[in-house]
file work.cif (mmCIF, C-alpha atoms)
data_coords
loop_
_atom_site.label_atom_id
_atom_site.label_comp_id
_atom_site.auth_asym_id
_atom_site.auth_seq_id
_atom_site.Cartn_x
_atom_site.Cartn_y
_atom_site.Cartn_z
CA MET A 1 116.53 67.65 14.39
CA SER A 2 116.69 71.36 13.76
CA ASP A 3 114.56 72.27 16.78
CA SER A 4 115.74 69.50 19.11
CA VAL A 5 118.18 71.79 20.95
CA PHE A 6 115.43 74.27 21.70
CA ALA A 7 112.90 71.57 22.62
CA HIS A 8 115.52 70.08 24.95
CA ASN A 9 116.29 73.42 26.61
CA GLU A 10 112.61 74.09 27.38
CA ARG A 11 112.83 71.55 30.20
CA ALA A 12 116.53 71.97 31.02
CA PRO A 13 117.52 73.25 34.46
CA VAL A 14 119.22 76.60 35.01
CA GLY A 15 122.92 76.40 34.23
CA SER A 16 122.70 73.50 31.79
CA ARG A 17 124.75 73.99 28.63
CA ARG A 18 124.83 72.97 24.99
CA PRO A 19 127.62 73.57 22.49
CA LEU A 20 127.26 76.93 20.70
CA ARG A 21 127.91 75.28 17.33
CA GLU A 22 125.02 72.88 17.81
CA VAL A 23 122.73 75.81 18.68
CA LEU A 24 123.87 77.91 15.69
CA ASP A 25 123.31 74.91 13.40
CA ALA A 26 119.72 74.71 14.68
CA LEU A 27 118.81 78.40 14.23
CA PRO A 28 115.71 78.75 12.06
CA PHE A 29 116.95 81.51 9.74
CA ASN A 30 114.22 82.93 7.49
CA ARG A 31 114.15 82.39 3.71
CA ASP A 32 116.69 85.20 3.32
CA GLY A 33 119.05 83.48 5.77
CA LEU A 34 118.40 86.12 8.44
CA ILE A 35 117.23 86.36 12.03
CA PRO A 36 116.09 89.51 13.86
CA ALA A 37 118.35 90.90 16.59
CA ILE A 38 117.12 93.35 19.23
CA ALA A 39 119.79 95.67 20.65
CA GLN A 40 119.23 96.74 24.25
CA GLN A 41 121.52 99.07 26.22
CA HIS A 42 122.84 96.76 28.94
CA ASP A 43 122.64 99.16 31.91
CA SER A 44 119.70 101.49 31.24
CA ARG A 45 117.79 98.63 29.55
CA GLU A 46 116.59 101.01 26.83
CA VAL A 47 115.67 99.16 23.63
CA LEU A 48 117.78 100.83 20.96
CA MET A 49 116.96 99.19 17.63
CA LEU A 50 116.17 96.02 15.74
CA ALA A 51 118.31 94.83 12.86
CA TRP A 52 119.08 91.52 11.13
CA MET A 53 121.90 89.02 11.29
CA ASN A 54 122.98 86.11 9.15
CA ARG A 55 125.20 83.35 10.49
CA GLU A 56 128.37 85.19 9.46
CA ALA A 57 127.28 88.34 11.29
CA ILE A 58 126.53 86.34 14.45
CA GLU A 59 129.90 84.61 14.36
CA GLU A 60 131.81 87.82 13.67
CA THR A 61 129.99 89.61 16.50
CA LEU A 62 130.80 86.83 18.97
CA ALA A 63 134.43 86.65 17.82
CA SER A 64 135.13 90.40 17.78
CA GLY A 65 132.85 91.64 20.57
CA ARG A 66 131.69 94.41 18.26
CA VAL A 67 128.19 94.13 16.83
CA CYS A 68 127.94 93.35 13.13
CA TYR A 69 124.57 93.09 11.36
CA TRP A 70 123.49 92.21 7.84
CA SER A 71 122.27 95.29 5.98
CA ARG A 72 119.24 94.27 3.93
CA SER A 73 119.33 97.48 1.88
CA ARG A 74 123.06 97.33 1.11
CA ARG A 75 123.13 93.51 0.97
CA ARG A 76 126.37 93.24 2.91
CA LEU A 77 127.75 92.92 6.42
CA TRP A 78 127.24 96.13 8.37
CA ARG A 79 129.61 96.77 11.23
CA LYS A 80 127.42 99.12 13.27
CA GLY A 81 129.13 102.50 13.49
CA GLU A 82 131.42 101.93 10.51
CA SER A 83 130.41 105.28 8.99
CA SER A 84 129.05 107.16 12.03
CA GLY A 85 131.57 105.97 14.65
CA GLN A 86 128.64 105.03 16.92
CA ILE A 87 129.62 101.42 17.56
CA GLN A 88 128.02 98.77 19.75
CA ARG A 89 130.12 96.61 22.07
CA LEU A 90 128.51 93.26 22.82
CA LYS A 91 128.02 92.55 26.53
CA GLU A 92 125.85 89.45 26.13
CA MET A 93 123.93 87.57 23.43
CA ARG A 94 120.72 85.72 24.29
CA LEU A 95 118.41 83.56 22.20
CA ASP A 96 114.66 83.20 22.58
CA CYS A 97 112.82 79.94 23.26
CA ASP A 98 112.53 78.78 19.66
CA GLY A 99 115.80 80.37 18.54
CA ASP A 100 114.24 82.70 16.01
CA THR A 101 115.19 86.00 17.68
CA LEU A 102 118.39 87.28 19.29
CA LEU A 103 118.64 89.77 22.15
CA LEU A 104 121.93 91.68 22.22
CA LEU A 105 122.87 93.45 25.43
CA VAL A 106 125.21 96.15 24.21
CA ASP A 107 127.16 99.18 25.24
CA GLN A 108 126.23 101.77 22.63
CA THR A 109 128.62 104.61 21.84
CA GLY A 110 126.51 107.75 21.29
CA PRO A 111 123.15 107.52 19.56
CA ALA A 112 122.00 104.21 18.06
CA CYS A 113 119.70 105.81 15.49
CA HIS A 114 120.84 107.22 12.15
CA THR A 115 118.73 110.32 12.95
CA GLY A 116 121.07 111.07 15.86
CA ARG A 117 118.54 109.98 18.51
CA ALA A 118 119.54 107.63 21.33
CA SER A 119 116.98 105.00 20.27
CA CYS A 120 115.28 104.26 16.95
CA PHE A 121 111.91 104.02 18.75
CA TYR A 122 111.21 107.75 18.86
CA GLN A 123 107.64 107.73 17.55
CA THR A 124 104.87 107.06 20.09
CA VAL A 125 101.20 106.39 19.40
CA ARG A 126 99.01 108.88 21.31
CA GLY A 127 95.34 108.19 20.63
CA ASP A 128 94.76 108.81 16.91
CA GLN A 129 98.13 110.57 16.48
CA VAL A 130 101.78 109.55 16.38
CA GLU A 131 104.13 111.86 18.28
CA VAL A 132 107.88 112.39 18.04
CA ASN A 133 109.09 111.64 21.58
CA SER A 134 112.80 112.62 21.56
CA ALA A 135 115.32 114.93 19.93
CA PRO A 136 118.65 114.09 18.29
CA LEU A 137 121.66 114.02 20.60
CA ILE A 138 123.84 114.87 17.60
CA ASP A 139 122.89 116.45 14.29
CA PRO A 140 122.82 113.57 11.75
CA ASP A 141 124.74 115.73 9.25
CA GLU A 142 127.49 115.96 11.87
CA LEU A 143 127.28 112.22 12.57
CA TYR A 144 127.98 111.18 9.00
CA ARG A 145 130.55 113.87 8.27
CA LYS A 146 132.94 112.29 10.79
CA MET B 1 104.78 108.31 -0.60
CA SER B 2 105.01 105.25 1.59
CA ASP B 3 108.06 106.44 3.53
CA SER B 4 107.30 110.16 3.47
CA VAL B 5 105.85 110.16 7.00
CA PHE B 6 109.01 108.60 8.37
CA ALA B 7 111.32 110.83 6.34
CA HIS B 8 109.36 113.84 7.60
CA ASN B 9 109.58 112.73 11.24
CA GLU B 10 113.36 112.33 11.10
CA ARG B 11 113.68 116.12 11.22
CA ALA B 12 110.50 116.87 13.16
CA PRO B 13 110.78 118.49 16.60
CA VAL B 14 109.75 116.72 19.82
CA GLY B 15 106.00 116.78 20.27
CA SER B 16 105.10 117.09 16.60
CA ARG B 17 102.28 114.81 15.51
CA ARG B 18 100.97 113.01 12.45
CA PRO B 19 97.64 111.20 12.11
CA LEU B 20 97.87 107.54 13.17
CA ARG B 21 96.01 106.43 10.04
CA GLU B 22 98.59 108.08 7.80
CA VAL B 23 101.39 106.33 9.71
CA LEU B 24 99.68 102.92 9.57
CA ASP B 25 99.13 103.37 5.83
CA ALA B 26 102.88 103.93 5.43
CA LEU B 27 104.08 100.89 7.44
CA PRO B 28 106.40 98.73 5.32
CA PHE B 29 104.87 95.34 6.12
CA ASN B 30 106.94 92.40 4.82
CA ARG B 31 105.79 90.16 1.98
CA ASP B 32 103.63 88.22 4.46
CA GLY B 33 101.94 91.46 5.55
CA LEU B 34 103.69 91.36 8.94
CA ILE B 35 105.92 93.57 11.07
CA PRO B 36 107.97 92.46 14.11
CA ALA B 37 106.84 93.68 17.53
CA ILE B 38 109.11 93.64 20.58
CA ALA B 39 107.32 93.32 23.93
CA GLN B 40 109.08 95.00 26.86
CA GLN B 41 107.80 95.03 30.45
CA HIS B 42 107.08 98.73 31.00
CA ASP B 43 108.48 99.10 34.53
CA SER B 44 111.36 96.59 34.83
CA ARG B 45 112.30 97.18 31.17
CA GLU B 46 112.91 93.45 30.69
CA VAL B 47 112.56 92.42 27.04
CA LEU B 48 109.98 89.65 27.12
CA MET B 49 109.54 88.38 23.56
CA LEU B 50 109.30 89.21 19.89
CA ALA B 51 106.24 88.30 17.84
CA TRP B 52 104.58 89.53 14.65
CA MET B 53 101.63 91.77 13.87
CA ASN B 54 99.59 92.46 10.78
CA ARG B 55 97.53 95.63 10.40
CA GLU B 56 94.47 94.01 11.95
CA ALA B 57 96.49 92.92 15.03
CA ILE B 58 97.89 96.45 15.46
CA GLU B 59 94.45 98.02 15.20
CA GLU B 60 92.85 95.52 17.57
CA THR B 61 95.67 96.01 20.11
CA LEU B 62 95.28 99.79 20.03
CA ALA B 63 91.49 99.58 20.25
CA SER B 64 91.30 96.99 23.04
CA GLY B 65 94.46 97.78 25.03
CA ARG B 66 95.21 94.05 25.11
CA VAL B 67 98.04 92.82 22.92
CA CYS B 68 97.04 90.75 19.91
CA TYR B 69 99.66 89.27 17.55
CA TRP B 70 99.49 87.30 14.32
CA SER B 71 100.49 83.68 14.89
CA ARG B 72 102.59 82.57 11.93
CA SER B 73 102.28 78.88 12.86
CA ARG B 74 98.51 78.94 13.40
CA ARG B 75 97.91 81.54 10.68
CA ARG B 76 95.39 83.50 12.72
CA LEU B 77 95.13 86.36 15.19
CA TRP B 78 96.62 85.39 18.54
CA ARG B 79 95.33 87.23 21.57
CA LYS B 80 98.31 86.73 23.85
CA GLY B 81 97.21 84.71 26.87
CA GLU B 82 94.06 83.33 25.23
CA SER B 83 95.00 79.77 26.27
CA SER B 84 97.44 80.42 29.15
CA GLY B 85 95.71 83.39 30.79
CA GLN B 86 99.05 85.26 30.71
CA ILE B 87 97.84 88.38 28.92
CA GLN B 88 99.68 91.58 28.02
CA ARG B 89 98.12 94.98 28.64
CA LEU B 90 99.44 97.65 26.32
CA LYS B 91 100.93 100.67 28.08
CA GLU B 92 102.47 102.31 25.01
CA MET B 93 103.20 101.52 21.37
CA ARG B 94 106.26 103.00 19.65
CA LEU B 95 107.54 102.77 16.07
CA ASP B 96 111.13 102.81 14.93
CA CYS B 97 112.67 105.35 12.55
CA ASP B 98 111.70 103.62 9.32
CA GLY B 99 108.48 102.14 10.70
CA ASP B 100 109.49 98.52 10.19
CA THR B 101 109.51 97.49 13.87
CA LEU B 102 107.16 98.13 16.77
CA LEU B 103 108.09 98.39 20.44
CA LEU B 104 105.27 97.51 22.82
CA LEU B 105 105.58 98.62 26.42
CA VAL B 106 103.34 96.15 28.21
CA ASP B 107 102.21 94.98 31.60
CA GLN B 108 102.63 91.22 31.43
CA THR B 109 100.50 88.96 33.61
CA GLY B 110 102.73 86.09 34.82
CA PRO B 111 105.34 84.62 32.49
CA ALA B 112 105.55 85.78 28.86
CA CYS B 113 107.14 82.55 27.62
CA HIS B 114 105.24 79.38 26.77
CA THR B 115 107.86 77.48 28.81
CA GLY B 116 106.64 79.28 31.94
CA ARG B 117 109.67 81.58 32.13
CA ALA B 118 109.30 85.33 32.63
CA SER B 119 111.05 86.12 29.33
CA CYS B 120 111.55 84.11 26.15
CA PHE B 121 115.25 85.09 26.14
CA TYR B 122 116.42 82.46 28.59
CA GLN B 123 119.39 81.10 26.64
CA THR B 124 122.70 82.99 26.98
CA VAL B 125 125.87 82.51 24.95
CA ARG B 126 128.84 81.79 27.26
CA GLY B 127 132.01 81.33 25.22
CA ASP B 128 131.49 78.24 23.06
CA GLN B 129 128.42 77.14 25.03
CA VAL B 130 124.80 78.24 25.37
CA GLU B 131 123.45 78.24 28.92
CA VAL B 132 119.91 78.18 30.28
CA ASN B 133 119.74 81.33 32.42
CA SER B 134 116.36 81.11 34.20
CA ALA B 135 113.79 78.67 35.53
CA PRO B 136 110.03 78.54 34.88
CA LEU B 137 107.87 80.58 37.25
CA ILE B 138 105.03 78.18 36.53
CA ASP B 139 105.13 74.62 35.18
CA PRO B 140 104.04 74.88 31.53
CA ASP B 141 101.75 71.86 31.98
CA GLU B 142 99.98 73.86 34.67
CA LEU B 143 99.92 76.96 32.47
CA TYR B 144 98.04 75.30 29.62
CA ARG B 145 95.74 73.22 31.82
CA LYS B 146 93.99 76.39 33.01
#
call {"tool": "encode", "arguments": {"input": "work.cif", "output": "structure tokens"}}
result
Amino acid sequence: MSDSVFAHNERAPVGSRRPLREVLDALPFNRDGLIPAIAQQHDSREVLMLAWMNREAIEETLASGRVCYWSRSRRRLWRKGESSGQIQRLKEMRLDCDGDTLLLLVDQTGPACHTGRASCFYQTVRGDQVEVNSAPLIDPDELYRK
Amino acid sequence: MSDSVFAHNERAPVGSRRPLREVLDALPFNRDGLIPAIAQQHDSREVLMLAWMNREAIEETLASGRVCYWSRSRRRLWRKGESSGQIQRLKEMRLDCDGDTLLLLVDQTGPACHTGRASCFYQTVRGDQVEVNSAPLIDPDELYRK
């Protein structure tokens, strides 16, 4: 039952639709009740970050249009930008084939990363070294003083 | 100790480097010994899929240049494309700020998704419905007959 929506959609033609509620009921949340969500800037297509959502975070995000995650460290809902002001507006939410990952197309205000960098993925493997590939857009001390 | 590399890099200037081995030793794998890896097509910037890697999969991928994941369902290393032929060549591997997610810039041969679609993210939320947003490039029966 739980994967029947996704099994059905594998062979479904473009444009076919299923009720959102049925899809949310079928999501295979992990043992902590969470699912990973990738945030991608909708126009530049830069991958900004990965965070986690529970069902409540998904529903709030869809209802408000502002991205809300579940903070695993703080064990509570985390409205992205609530302390830094660097919010994410949801442009589109997509689900992968087996429903165990979300892709959020967002419009990010300022940097996505708590270090002040545009993207969290600022460390690149170069041979046997890992190199810092970008600089903060805003000093993080400044970001969290606001 | 385990997060000192990442704490250090938060304030490190562009171009500064740390040994790869030190970074891999500090990766906060989950309780299953895994870390999520996002695959993004390097030129179009389309997000293709999310899968999981253990340390062995990361090291094999970096050594061979061909992406190897850990299959959670089959509980073994999964050299992407081993049955379908739709392999991923690694162009660049990046790590996020706290080292708990990888971003793989890849060159994908054919469709990334087992359904034959270019990307696994082919289901889009539209109001209170979820819509199939793309068609297979190749019939999946054809894909796995090869």
call {"tool": "residues_around", "arguments": {"input": "work.cif", "residues": "range 23-36 of chain B", "least_positions_apart": "2", "cutoff": "6 Å", "atoms": "all atoms listed in the file", "output": "count of residues only"}}
result
10
call {"tool": "closest_residue", "arguments": {"input": "work.cif", "among": "A:Ser119, A:Ser64, A:Ser73, A:Asn9", "to": "Val132 in chain A", "atoms": "all atoms listed in the file"}}
result
A:Ser119
call {"tool": "residues_around", "arguments": {"input": "work.cif", "residues": "Arg17 in chain B", "least_positions_apart": "6", "cutoff": "10 Å", "atoms": "all atoms listed in the file", "output": "list in words"}}
result
Gln123, Thr124, Val125, Arg126, Asp128, Gln129, Val130, Glu131, Val132 and Asn133 of chain A; Asn9 of chain B
call {"tool": "atom_distance", "arguments": {"input": "work.cif", "atom1": "CA of Asp107 in chain A", "atom2": "CA of Ser134 in chain A"}}
result
20.0 Å
call {"tool": "resolve_selection", "arguments": {"input": "work.cif", "expression": "the PyMOL selection byres ((chain B and resi 81) around 10)", "output": "list in words"}}
result
Arg66, Val67, Cys68, Trp78, Arg79, Lys80, Glu82, Ser83, Ser84, Gly85, Gln86, Ile87, Gln88, Gln108, Thr109, Gly110, Pro111, Ala112, His114, Leu143 and Tyr144 of chain B
call {"tool": "resolve_selection", "arguments": {"input": "work.cif", "expression": "the PyMOL selection byres ((chain B and resi 40) around 12)", "output": "PyMOL selection string"}}
result
(chain A and resi 38+40+45-47+103) or (chain B and resi 37-39+41-51+67+88-94+102-108+112+118-121)
call {"tool": "axis_aligned_box", "arguments": {"input": "work.cif", "around": "range 95-111 of chain A", "padding_each_side": "5 Å", "output": "JSON"}}
result
{"center_x": 120.6, "center_y": 93.3, "center_z": 20.7, "size_x": 26.1, "size_y": 39.0, "size_z": 19.4}
call {"tool": "closest_residue", "arguments": {"input": "work.cif", "among": "A:Trp70, A:Glu60, A:Arg11, A:Phe6", "to": "Thr115 in chain B", "atoms": "all atoms listed in the file"}}
result
A:Arg11
call {"tool": "calpha_fit_and_write", "arguments": {"input": "work.cif", "fixed": "chain B", "moving": "chain A", "output": "short mmCIF file (atom, residue, chain, number, x, y, z; two decimals) with C-alpha atoms, in the coordinates of the input"}}
result
data_model
loop_
_atom_site.label_atom_id
_atom_site.label_comp_id
_atom_site.auth_asym_id
_atom_site.auth_seq_id
_atom_site.Cartn_x
_atom_site.Cartn_y
_atom_site.Cartn_z
CA MET A 1 104.89 108.31 -0.65
CA SER A 2 105.03 105.28 1.57
CA ASP A 3 108.07 106.47 3.52
CA SER A 4 107.31 110.20 3.47
CA VAL A 5 105.86 110.17 7.00
CA PHE A 6 109.00 108.60 8.38
CA ALA A 7 111.32 110.82 6.33
CA HIS A 8 109.36 113.83 7.60
CA ASN A 9 109.57 112.73 11.24
CA GLU A 10 113.36 112.32 11.09
CA ARG A 11 113.68 116.11 11.22
CA ALA A 12 110.49 116.85 13.17
CA PRO A 13 110.77 118.48 16.59
CA VAL A 14 109.76 116.71 19.80
CA GLY A 15 106.00 116.78 20.28
CA SER A 16 105.10 117.10 16.61
CA ARG A 17 102.27 114.81 15.52
CA ARG A 18 100.96 113.01 12.47
CA PRO A 19 97.64 111.20 12.11
CA LEU A 20 97.87 107.53 13.17
CA ARG A 21 96.02 106.43 10.03
CA GLU A 22 98.59 108.09 7.79
CA VAL A 23 101.39 106.34 9.71
CA LEU A 24 99.68 102.92 9.57
CA ASP A 25 99.13 103.37 5.82
CA ALA A 26 102.88 103.94 5.43
CA LEU A 27 104.07 100.91 7.43
CA PRO A 28 106.39 98.75 5.32
CA PHE A 29 104.87 95.35 6.11
CA ASN A 30 106.95 92.43 4.81
CA ARG A 31 105.80 90.16 1.96
CA ASP A 32 103.64 88.23 4.43
CA GLY A 33 101.93 91.46 5.54
CA LEU A 34 103.70 91.37 8.92
CA ILE A 35 105.92 93.56 11.07
CA PRO A 36 107.96 92.46 14.10
CA ALA A 37 106.83 93.67 17.53
CA ILE A 38 109.11 93.63 20.58
CA ALA A 39 107.32 93.32 23.93
CA GLN A 40 109.07 95.00 26.85
CA GLN A 41 107.81 95.02 30.45
CA HIS A 42 107.09 98.72 31.00
CA ASP A 43 108.49 99.07 34.55
CA SER A 44 111.36 96.58 34.84
CA ARG A 45 112.28 97.18 31.17
CA GLU A 46 112.90 93.45 30.70
CA VAL A 47 112.56 92.41 27.05
CA LEU A 48 109.97 89.64 27.12
CA MET A 49 109.52 88.37 23.56
CA LEU A 50 109.29 89.19 19.89
CA ALA A 51 106.24 88.30 17.84
CA TRP A 52 104.57 89.52 14.64
CA MET A 53 101.63 91.76 13.86
CA ASN A 54 99.59 92.46 10.77
CA ARG A 55 97.54 95.63 10.39
CA GLU A 56 94.47 94.01 11.96
CA ALA A 57 96.46 92.93 15.02
CA ILE A 58 97.87 96.45 15.45
CA GLU A 59 94.44 98.03 15.21
CA GLU A 60 92.84 95.53 17.58
CA THR A 61 95.65 96.01 20.11
CA LEU A 62 95.28 99.80 20.02
CA ALA A 63 91.48 99.59 20.25
CA SER A 64 91.28 97.00 23.05
CA GLY A 65 94.44 97.78 25.04
CA ARG A 66 95.19 94.07 25.11
CA VAL A 67 98.03 92.82 22.93
CA CYS A 68 97.04 90.76 19.90
CA TYR A 69 99.65 89.28 17.55
CA TRP A 70 99.49 87.31 14.32
CA SER A 71 100.48 83.68 14.89
CA ARG A 72 102.58 82.59 11.92
CA SER A 73 102.29 78.90 12.86
CA ARG A 74 98.51 78.95 13.38
CA ARG A 75 97.92 81.56 10.65
CA ARG A 76 95.41 83.51 12.71
CA LEU A 77 95.13 86.36 15.19
CA TRP A 78 96.62 85.39 18.53
CA ARG A 79 95.33 87.23 21.56
CA LYS A 80 98.32 86.72 23.86
CA GLY A 81 97.20 84.71 26.87
CA GLU A 82 94.06 83.32 25.24
CA SER A 83 94.99 79.77 26.28
CA SER A 84 97.43 80.39 29.15
CA GLY A 85 95.70 83.38 30.79
CA GLN A 86 99.03 85.25 30.72
CA ILE A 87 97.84 88.37 28.92
CA GLN A 88 99.67 91.56 28.01
CA ARG A 89 98.11 94.97 28.65
CA LEU A 90 99.43 97.65 26.31
CA LYS A 91 100.93 100.67 28.08
CA GLU A 92 102.46 102.30 25.00
CA MET A 93 103.21 101.50 21.35
CA ARG A 94 106.26 103.00 19.65
CA LEU A 95 107.53 102.77 16.08
CA ASP A 96 111.14 102.81 14.94
CA CYS A 97 112.67 105.35 12.55
CA ASP A 98 111.70 103.62 9.32
CA GLY A 99 108.48 102.14 10.69
CA ASP A 100 109.48 98.53 10.19
CA THR A 101 109.52 97.49 13.87
CA LEU A 102 107.15 98.11 16.78
CA LEU A 103 108.10 98.38 20.45
CA LEU A 104 105.26 97.50 22.82
CA LEU A 105 105.57 98.61 26.43
CA VAL A 106 103.34 96.16 28.23
CA ASP A 107 102.20 94.99 31.60
CA GLN A 108 102.62 91.22 31.42
CA THR A 109 100.49 88.97 33.62
CA GLY A 110 102.72 86.10 34.81
CA PRO A 111 105.34 84.63 32.50
CA ALA A 112 105.54 85.77 28.87
CA CYS A 113 107.14 82.56 27.62
CA HIS A 114 105.23 79.38 26.78
CA THR A 115 107.86 77.48 28.82
CA GLY A 116 106.63 79.28 31.94
CA ARG A 117 109.69 81.57 32.13
CA ALA A 118 109.30 85.32 32.63
CA SER A 119 111.05 86.11 29.33
CA CYS A 120 111.56 84.10 26.14
CA PHE A 121 115.25 85.10 26.12
CA TYR A 122 116.43 82.45 28.58
CA GLN A 123 119.40 81.10 26.63
CA THR A 124 122.70 82.99 26.98
CA VAL A 125 125.87 82.51 24.95
CA ARG A 126 128.83 81.80 27.26
CA GLY A 127 132.00 81.35 25.22
CA ASP A 128 131.50 78.24 23.06
CA GLN A 129 128.42 77.13 25.03
CA VAL A 130 124.81 78.25 25.36
CA GLU A 131 123.46 78.24 28.92
CA VAL A 132 119.92 78.18 30.27
CA ASN A 133 119.75 81.33 32.42
CA SER A 134 116.37 81.10 34.21
CA ALA A 135 113.79 78.66 35.53
CA PRO A 136 110.04 78.53 34.89
CA LEU A 137 107.89 80.58 37.25
CA ILE A 138 105.03 78.16 36.56
CA ASP A 139 105.13 74.62 35.22
CA PRO A 140 104.06 74.87 31.54
CA ASP A 141 101.76 71.85 32.01
CA GLU A 142 99.99 73.87 34.70
CA LEU A 143 99.92 76.97 32.49
CA TYR A 144 98.04 75.30 29.66
CA ARG A 145 95.74 73.23 31.84
CA LYS A 146 94.05 76.40 33.10
#
call {"tool": "atom_distance", "arguments": {"input": "work.cif", "atom1": "CA of Asp139 in chain A", "atom2": "CA of Glu10 in chain B"}}
result
10.9 Å
call {"tool": "atom_distance", "arguments": {"input": "work.cif", "atom1": "CA of Arg76 in chain B", "atom2": "CA of Arg55 in chain B"}}
result
12.5 Å
call {"tool": "decode", "arguments": {"input": "work.cif", "residues": "range 37-48 of chain B", "atoms": "N, CA and C atoms", "output": "tab-separated table (two decimals), in the first residue's frame"}}
result
chain	number	residue	atom	x	y	z
B	37	ALA	N	24.40	11.46	-0.77
B	37	ALA	CA	25.15	12.05	-1.88
B	37	ALA	C	24.15	12.48	-2.96
B	38	ILE	N	24.17	13.77	-3.28
B	38	ILE	CA	23.33	14.34	-4.32
B	38	ILE	C	24.10	14.26	-5.64
B	39	ALA	N	23.48	13.73	-6.68
B	39	ALA	CA	24.13	13.73	-8.00
B	39	ALA	C	23.50	14.82	-8.86
B	40	GLN	N	24.36	15.71	-9.37
B	40	GLN	CA	23.91	16.82	-10.23
B	40	GLN	C	24.67	16.75	-11.55
B	41	GLN	N	23.94	16.83	-12.65
B	41	GLN	CA	24.58	16.86	-13.97
B	41	GLN	C	25.45	18.11	-14.05
B	42	HIS	N	26.73	17.95	-14.36
B	42	HIS	CA	27.69	19.05	-14.19
B	42	HIS	C	27.42	20.25	-15.10
B	43	ASP	N	26.91	20.01	-16.32
B	43	ASP	CA	26.74	21.14	-17.25
B	43	ASP	C	25.33	21.74	-17.20
B	44	SER	N	24.29	20.92	-17.24
B	44	SER	CA	22.93	21.46	-17.21
B	44	SER	C	22.51	21.86	-15.80
B	45	ARG	N	23.22	21.35	-14.81
B	45	ARG	CA	22.94	21.59	-13.38
B	45	ARG	C	21.62	20.97	-12.92
B	46	GLU	N	21.08	20.04	-13.70
B	46	GLU	CA	19.88	19.33	-13.26
B	46	GLU	C	20.25	18.39	-12.10
B	47	VAL	N	19.42	18.42	-11.04
B	47	VAL	CA	19.62	17.46	-9.95
B	47	VAL	C	19.02	16.14	-10.38
B	48	LEU	N	19.84	15.10	-10.38
B	48	LEU	CA	19.44	13.82	-10.96
B	48	LEU	C	18.85	12.86	-9.94
